[in-house]
Protein chains: 2
Amino acid sequence: MGIAERKEKQKLEVRKLILDASMKLFVEEGFDNVSIRRIADLIEYSPTTVYLYFKDKDEIFFNLHEVGFLKMLENSKELDAIENPLQRLHKMGENYLRFGMENPEYYDLMFIQRAPMKKLKEMGCDWENGDAALTRLKATVSECMEKGLIAKTDPDLLSMSIWSMVHGLVALAIRDRLDKFLPDGAQLLPIMNYSVDWLVGTLALGAGTVFPKPTI
Amino acid sequence: MGIAERKEKQKLEVRKLILDASMKLFVEEGFDNVSIRRIADLIEYSPTTVYLYFKDKDEIFFNLHEVGFLKMLENSKELDAIENPLQRLHKMGENYLRFGMENPEYYDLMFIQRAPMKKLKEMGCDWENGDAALTRLKATVSECMEKGLIAKTDPDLLSMSIWSMVHGLVALAIRDRLDKFLPDGAQLLPIMNYSVDWLVGTLALGAGTVFPKPTI
DNA sequence: TTGGAATATTAACAGTGTTAAGTAAATTTG
DNA sequence: CAAATTTACTTAACACTGTTAATATTCCAA
C-alpha cells in the first residue's frame with residue numbers, strides 16, 4: 001500500500017503546514033489575529049481547506065498546546081541528571097519560569113487559554129500532558145520528603161502550591177500584571193527566579209543546600 | 001445649572017446600563033459572547049449608541065475591571081479589624097481565593113484579560129487598583145516581619161511570591177486546569193484554602209498562631 | 001421661533017467562523 | 001484503456017463581529 005502511505009504522509013505535511021502557520025501568526029500577531037483566512041493565505045490554500053484537516057479552530061489550538069508540552073519537555077532533559085531532588089526541584093522551577101517567559105504564546109495555550117481544555121472535554125479525554133507534568137513534580141517533591149530534605153506534608157498539596165506559585169508568576173508576567181511593580185527597565189525573569197530561590201530555601205530543612213536569601 | 005446636572009446624571013445612568021448589560025452577558029454567556037450588538041439589544045438602544053458612552057469595547061472591559069476591584073475591596077472590609085498581622089495575612093489569602101472563585105468573570109478581567117492593561121497603557125496611567133492591592137499586602141507582610149511573626153526577608157519579594165501563589169491557584173482553577181487533579185466531585189475552594197494554611201503555617205515563626213497541617 | 005448642540009439611528013465596510021454545493025484531479029474498478 | 005468513484009480543493013454564502021460616516025431626531029438657549 002505505497003500510495004495510501006504517501007497520501008498519509010502528504011496529509012500530515014499539510015497538517016503541519018497549518019499548525020506552523022497558525023503558530024507563526026499567534027506569535028507574531030497575537031491570539032486575536034489568528035484567523036482561518038489568514039492561516040489559509042499563509043499556506044496558499046482556500047480557507048475551507050483548513051476544515052479538511054481540523055474540525056474547527058479550537059482543534060488547531062489544542063494541537064498547538066500539545067506541541068507546547070513537547071517543547072517544554074525538551075527544555076527539561078537536563079533535569080534527569082540531577083541526583084539531589086531538592087536541587088532538581090529548584091531547577092524545575094527555574095526551567096518552568098524560563099520556558100514561560102521565552103515562549104509566552106505556548107504557555108498561554110498550555111495553561112491559560114480555554115480552547116484546549118474545551119476540546120479536551122469535547123473529546124472526553126484526560127489532560128495527559130498536564131497530568132504527566134504534575135506527576136513529575138510530585139515525584140520530586142515526594143523524593144525530597146523521603147530523603148528528609150524538606151518537611152513532610154501532603155505531597156499532592158505541596159506540589160499544587162509550588163505549581164501555583166510558579167504559574168502565578170508567569171501568568172501575571174505574560175498578562176502584563178507584574179511589570180508595573182518593577183523598577184524601570186528591570187528584567188522580570190531574574191526577580192521571578194528569586195521567588196523560586198526563596199521558596200526552595202524556605203522548604204529546605206538542612207543546611208546542605210545553599211540558596212542565598214535574595215533581595216530585589 | 002439644574003439642567004446640566006440632570007443631563008450629567010442621565011449620561012451616567014446610561015453608562016451604568018451599558019456596564020450592567022455587559023457584565024450580565026459576560027457572566028451568563030462568557031467573554032466571547034459579549035458583543036456590542038447584544039449589549040445594545042439588552043438595553044434597547046442601537047449598537048452605535050454604545051460608542052457615544054465608551055470609545056470602544058476595551059473601554060467597557062476596563063471599566064468592568066474597575067468595578068471588580070471595588071467589589072473585591074468591599075469583600076475585604078473585615079480585614080481592618082484583625083489586629084494580628086499574620087492572622088490578617090491568612091484571612092487576606094482566604095478572601096482573595098473566595099473572591100476569585102465566586103466572581104470568576106471579574107477576576108478574569110482584573111488579573112487575566114489583556115484588554116484592561118491595554119487600555120491602561122493607552123491612557124498612560126498607572127494601574128492604581130492593582131497598585132493599591134499589592135501595597136496593602138506588602139504592609140501586612142512588613143508588619144509581620146516587624147513583629148517577629150515571620151522571618152525577615154525582602155518584603156516586596158515575599159509579597160510578590162504570596163500573591164503569585166494565590167493568583168496561580170485561582171487562575172488555574174477558573175481556566176479549568178485544577179479540576180482535573182481533584183477527586184471526583186471534590187470542592188476546589190477548600191483544597192485551595194489548605195494551600196494558604198500551608199503557606200502561612202510555613203512562614204510563621206512562633207507557635208502562637210495555630211494552623212493545622214492539612215492533608216488533601 | 002430659530003439655531004445649534006446633544007443624542008440616537010440607519011447604512012455600510014471590512015473582517016470573522018463555518019457550512020453547502022460544486023469542480024477538478026487522482027485512484028480504483030470493470 | 002475507459003468508466004466510476006473517491007479524494008482534494010474551491011467558490012459562494014450565512015450569520016455574525018467591531019467600528020465609522022452620514023443622517024435624523026430631540027432638547028435647550030438665545
# chains A, B, ... in the order shown; residues from 1 in each chain; ligands from 1
$ residues_around --residues "stretch 7-15 of chain D" --least-positions-apart "3" --cutoff "12 Å" --atoms "only C-alpha atoms (C1' of nucleotides)" --output "number ranges by chain"
A: 4, 7, 10-11, 14, 44-53; C: 16-28
$ write_last_selection --atoms "N, CA and C atoms (P, O5', C5', C4', C3', O3' and C1' of nucleotides)" --output "short mmCIF file (atom, residue, chain, number, x, y, z; two decimals), in the first residue's frame"
data_model
loop_
_atom_site.label_atom_id
_atom_site.label_comp_id
_atom_site.auth_asym_id
_atom_site.auth_seq_id
_atom_site.Cartn_x
_atom_site.Cartn_y
_atom_site.Cartn_z
N ALA A 4 -1.33 4.70 -0.35
CA ALA A 4 -2.01 5.11 0.87
C ALA A 4 -1.03 5.72 1.85
N LYS A 7 -0.02 9.16 0.69
CA LYS A 7 -1.14 10.07 0.94
C LYS A 7 -1.20 10.48 2.41
N GLN A 10 1.44 12.97 3.03
CA GLN A 10 1.08 14.29 2.50
C GLN A 10 0.07 14.98 3.40
N LYS A 11 -0.87 14.19 3.88
CA LYS A 11 -1.90 14.72 4.77
C LYS A 11 -1.25 15.31 6.02
N VAL A 14 0.50 18.69 5.26
CA VAL A 14 -0.40 19.86 5.21
C VAL A 14 -0.84 20.24 6.62
N GLU A 44 -1.30 29.37 1.37
CA GLU A 44 -1.80 29.45 -0.01
C GLU A 44 -2.78 28.34 -0.37
N TYR A 45 -3.76 28.18 0.54
CA TYR A 45 -4.92 27.33 0.27
C TYR A 45 -6.15 28.19 0.50
N SER A 46 -7.29 27.66 0.10
CA SER A 46 -8.51 28.39 0.41
C SER A 46 -8.90 28.12 1.86
N PRO A 47 -9.62 29.07 2.48
CA PRO A 47 -9.96 28.93 3.91
C PRO A 47 -10.64 27.60 4.24
N THR A 48 -11.51 27.14 3.37
CA THR A 48 -12.26 25.93 3.70
C THR A 48 -11.40 24.67 3.71
N THR A 49 -10.27 24.73 3.04
CA THR A 49 -9.37 23.57 3.05
C THR A 49 -8.91 23.24 4.47
N VAL A 50 -8.72 24.31 5.26
CA VAL A 50 -8.29 24.10 6.65
C VAL A 50 -9.23 23.14 7.37
N TYR A 51 -10.52 23.22 7.03
CA TYR A 51 -11.51 22.39 7.71
C TYR A 51 -11.45 20.92 7.28
N LEU A 52 -10.66 20.63 6.27
CA LEU A 52 -10.47 19.23 5.89
C LEU A 52 -9.42 18.57 6.78
N TYR A 53 -8.65 19.41 7.48
CA TYR A 53 -7.57 18.87 8.32
C TYR A 53 -7.84 19.05 9.81
P DT C 16 -10.17 38.00 8.97
"O5'" DT C 16 -11.32 37.39 9.88
"C5'" DT C 16 -11.30 37.61 11.29
"C4'" DT C 16 -12.50 36.96 11.93
"C3'" DT C 16 -12.70 35.50 11.57
"O3'" DT C 16 -11.88 34.70 12.40
"C1'" DT C 16 -14.79 36.68 11.48
P DG C 17 -11.56 33.17 11.98
"O5'" DG C 17 -12.94 32.43 12.31
"C5'" DG C 17 -13.35 32.29 13.66
"C4'" DG C 17 -14.60 31.44 13.73
"C3'" DG C 17 -14.40 30.00 13.26
"O3'" DG C 17 -15.17 29.11 14.07
"C1'" DG C 17 -16.01 31.10 11.88
P DT C 18 -15.05 27.53 13.87
"O5'" DT C 18 -16.11 27.28 12.71
"C5'" DT C 18 -17.47 27.67 12.94
"C4'" DT C 18 -18.29 27.43 11.69
"C3'" DT C 18 -18.07 26.07 11.02
"O3'" DT C 18 -19.21 25.27 11.27
"C1'" DT C 18 -18.31 27.85 9.45
P DT C 19 -19.29 23.75 10.73
"O5'" DT C 19 -20.22 23.89 9.45
"C5'" DT C 19 -21.44 24.60 9.55
"C4'" DT C 19 -22.11 24.66 8.19
"C3'" DT C 19 -22.11 23.34 7.41
"O3'" DT C 19 -23.44 23.09 6.99
"C1'" DT C 19 -21.26 25.09 6.07
P DA C 20 -23.83 21.70 6.24
"O5'" DA C 20 -24.12 22.21 4.76
"C5'" DA C 20 -24.80 23.45 4.55
"C4'" DA C 20 -25.06 23.67 3.06
"C3'" DA C 20 -25.23 22.39 2.25
"O3'" DA C 20 -26.17 22.63 1.20
"C1'" DA C 20 -23.30 23.54 1.49
P DA C 21 -26.52 21.49 0.10
"O5'" DA C 21 -25.71 21.95 -1.19
"C5'" DA C 21 -25.83 23.31 -1.62
"C4'" DA C 21 -24.85 23.57 -2.76
"C3'" DA C 21 -24.84 22.48 -3.83
"O3'" DA C 21 -24.90 23.09 -5.12
"C1'" DA C 21 -22.64 22.86 -3.04
P DG C 22 -24.95 22.22 -6.46
"O5'" DG C 22 -23.49 22.42 -7.06
"C5'" DG C 22 -23.03 23.76 -7.34
"C4'" DG C 22 -21.56 23.73 -7.68
"C3'" DG C 22 -21.18 22.79 -8.83
"O3'" DG C 22 -20.36 23.48 -9.76
"C1'" DG C 22 -19.81 22.38 -6.96
P DT C 23 -20.01 22.82 -11.19
"O5'" DT C 23 -18.43 22.60 -11.08
"C5'" DT C 23 -17.59 23.70 -10.77
"C4'" DT C 23 -16.16 23.20 -10.53
"C3'" DT C 23 -15.63 22.28 -11.63
"O3'" DT C 23 -14.32 22.72 -11.97
"C1'" DT C 23 -15.31 21.29 -9.52
P DA C 24 -13.76 22.48 -13.44
"O5'" DA C 24 -12.37 21.77 -13.15
"C5'" DA C 24 -11.49 22.34 -12.18
"C4'" DA C 24 -10.64 21.24 -11.58
"C3'" DA C 24 -10.04 20.26 -12.60
"O3'" DA C 24 -8.66 20.15 -12.32
"C1'" DA C 24 -11.11 19.08 -10.86
P DA C 25 -7.64 19.63 -13.41
"O5'" DA C 25 -6.82 18.52 -12.59
"C5'" DA C 25 -6.44 18.80 -11.25
"C4'" DA C 25 -6.45 17.53 -10.44
"C3'" DA C 25 -5.69 16.35 -11.07
"O3'" DA C 25 -4.66 15.98 -10.19
"C1'" DA C 25 -7.79 15.66 -10.19
P DA C 26 -3.48 15.01 -10.62
"O5'" DA C 26 -3.85 13.70 -9.79
"C5'" DA C 26 -4.06 13.82 -8.38
"C4'" DA C 26 -4.68 12.56 -7.84
"C3'" DA C 26 -3.97 11.27 -8.28
"O3'" DA C 26 -3.72 10.50 -7.11
"C1'" DA C 26 -6.31 11.11 -8.69
P DT C 27 -2.77 9.24 -7.16
"O5'" DT C 27 -3.84 8.08 -7.05
"C5'" DT C 27 -4.75 8.08 -5.95
"C4'" DT C 27 -5.90 7.13 -6.22
"C3'" DT C 27 -5.47 5.70 -6.60
"O3'" DT C 27 -5.82 4.84 -5.53
"C1'" DT C 27 -7.33 6.48 -7.88
P DT C 28 -5.44 3.29 -5.53
"O5'" DT C 28 -6.83 2.62 -5.92
"C5'" DT C 28 -8.00 2.94 -5.14
"C4'" DT C 28 -9.24 2.47 -5.87
"C3'" DT C 28 -9.28 0.96 -6.19
"O3'" DT C 28 -10.50 0.44 -5.73
"C1'" DT C 28 -9.81 2.23 -8.11
#
$ closest_atom_pairs --of "chain A" --to "chain B" --cutoff "7 Å" --atoms "only C-alpha atoms" --output "tab-separated table"
residue	atom	partner	partner_atom	distance
A:Phe111	CA	B:Arg177	CA	7.0
A:Ile112	CA	B:Arg175	CA	6.1
A:Arg114	CA	B:Arg175	CA	6.1
A:Met117	CA	B:Asp176	CA	6.8
A:Asp154	CA	B:Thr215	CA	5.3
A:Leu157	CA	B:Ile216	CA	6.5
A:Ser161	CA	B:Ser195	CA	5.8
A:Ser164	CA	B:Gly168	CA	4.2
A:Met165	CA	B:Met165	CA	3.8
A:His167	CA	B:Gly168	CA	5.4
A:Gly168	CA	B:Gly168	CA	3.7
A:Leu169	CA	B:Ser164	CA	5.2
A:Arg175	CA	B:Arg114	CA	6.1
A:Asp176	CA	B:Met117	CA	6.8
A:Arg177	CA	B:Phe111	CA	7.0
A:Ser195	CA	B:Ser161	CA	5.8
A:Thr215	CA	B:Asp154	CA	5.3
A:Ile216	CA	B:Leu157	CA	6.5
$ write_last_selection --atoms "C-alpha atoms" --output "PDB file, in the first residue's frame"
ATOM      1  CA  PHE A 111      -2.105  26.972  30.957  1.00  0.00           C
ATOM      2  CA  ILE A 112      -4.303  29.994  30.283  1.00  0.00           C
ATOM      3  CA  ARG A 114      -9.732  27.969  27.475  1.00  0.00           C
ATOM      4  CA  MET A 117      -9.490  22.389  27.760  1.00  0.00           C
ATOM      5  CA  ASP A 154       0.906  16.038  51.893  1.00  0.00           C
ATOM      6  CA  LEU A 157      -0.955  19.611  48.309  1.00  0.00           C
ATOM      7  CA  SER A 161       1.132  25.001  45.930  1.00  0.00           C
ATOM      8  CA  SER A 164       0.561  27.562  41.656  1.00  0.00           C
ATOM      9  CA  MET A 165       3.365  29.868  42.664  1.00  0.00           C
ATOM     10  CA  HIS A 167       2.314  29.520  37.356  1.00  0.00           C
ATOM     11  CA  GLY A 168       1.143  32.629  39.174  1.00  0.00           C
ATOM     12  CA  LEU A 169       4.430  34.360  38.416  1.00  0.00           C
ATOM     13  CA  ARG A 175      -0.532  39.128  31.042  1.00  0.00           C
ATOM     14  CA  ASP A 176       1.202  42.405  31.937  1.00  0.00           C
ATOM     15  CA  ARG A 177       0.429  42.484  35.653  1.00  0.00           C
ATOM     16  CA  SER A 195      10.935  33.693  44.256  1.00  0.00           C
ATOM     17  CA  THR A 215      16.737  40.993  47.929  1.00  0.00           C
ATOM     18  CA  ILE A 216      15.159  42.721  44.974  1.00  0.00           C
TER      19      ILE A 216
END
$ interface_residues --of "chain D" --to "chain B" --cutoff "9 Å" --atoms "only C-alpha atoms (C1' of nucleotides)" --output "list of chain:residue names"
D:DT17, D:DG18, D:DT19, D:DC28
$ interface_residues --of "chain C" --to "chain B" --cutoff "9 Å" --atoms "only C-alpha atoms (C1' of nucleotides)" --output "list in words"
DT7, DA8 and DT9 of chain C
$ write_last_selection --atoms "N, CA and C atoms (P, O5', C5', C4', C3', O3' and C1' of nucleotides)" --output "PDB file, in the first residue's frame"
ATOM      1  P    DT C   7     -25.712  64.269  25.519  1.00  0.00           P
ATOM      2  O5'  DT C   7     -26.628  63.411  24.545  1.00  0.00           O
ATOM      3  C5'  DT C   7     -28.043  63.521  24.654  1.00  0.00           C
ATOM      4  C4'  DT C   7     -28.698  62.719  23.572  1.00  0.00           C
ATOM      5  C3'  DT C   7     -28.273  61.243  23.515  1.00  0.00           C
ATOM      6  O3'  DT C   7     -29.424  60.457  23.744  1.00  0.00           O
ATOM      7  C1'  DT C   7     -28.356  62.208  21.355  1.00  0.00           C
ATOM      8  P    DA C   8     -29.274  58.910  23.969  1.00  0.00           P
ATOM      9  O5'  DA C   8     -29.643  58.342  22.535  1.00  0.00           O
ATOM     10  C5'  DA C   8     -30.963  58.511  22.045  1.00  0.00           C
ATOM     11  C4'  DA C   8     -30.999  58.198  20.566  1.00  0.00           C
ATOM     12  C3'  DA C   8     -30.512  56.797  20.178  1.00  0.00           C
ATOM     13  O3'  DA C   8     -31.651  55.993  19.869  1.00  0.00           O
ATOM     14  C1'  DA C   8     -29.743  58.486  18.661  1.00  0.00           C
ATOM     15  P    DT C   9     -31.405  54.519  19.336  1.00  0.00           P
ATOM     16  O5'  DT C   9     -31.359  54.747  17.765  1.00  0.00           O
ATOM     17  C5'  DT C   9     -32.450  55.406  17.124  1.00  0.00           C
ATOM     18  C4'  DT C   9     -32.187  55.554  15.633  1.00  0.00           C
ATOM     19  C3'  DT C   9     -31.841  54.235  14.953  1.00  0.00           C
ATOM     20  O3'  DT C   9     -32.833  53.897  13.996  1.00  0.00           O
ATOM     21  C1'  DT C   9     -30.304  55.966  14.340  1.00  0.00           C
TER      22       DT C   9
END
$ residues_around --residues "D:DA29" --least-positions-apart "5" --cutoff "12 Å" --atoms "only C-alpha atoms (C1' of nucleotides)" --output "list in words"
Ile3 of chain B; DT1, DT2, DG3, DG4 and DA5 of chain C
$ select_by_dssp --residues "chain B" --states "helix (DSSP H, G or I)" --output "MDAnalysis selection string"
chainID B and resid 2:29 31:33 36:43 47:53 57:74 77:81 85:102 104:111 115:123 128:146 155:174 179:181 188:203
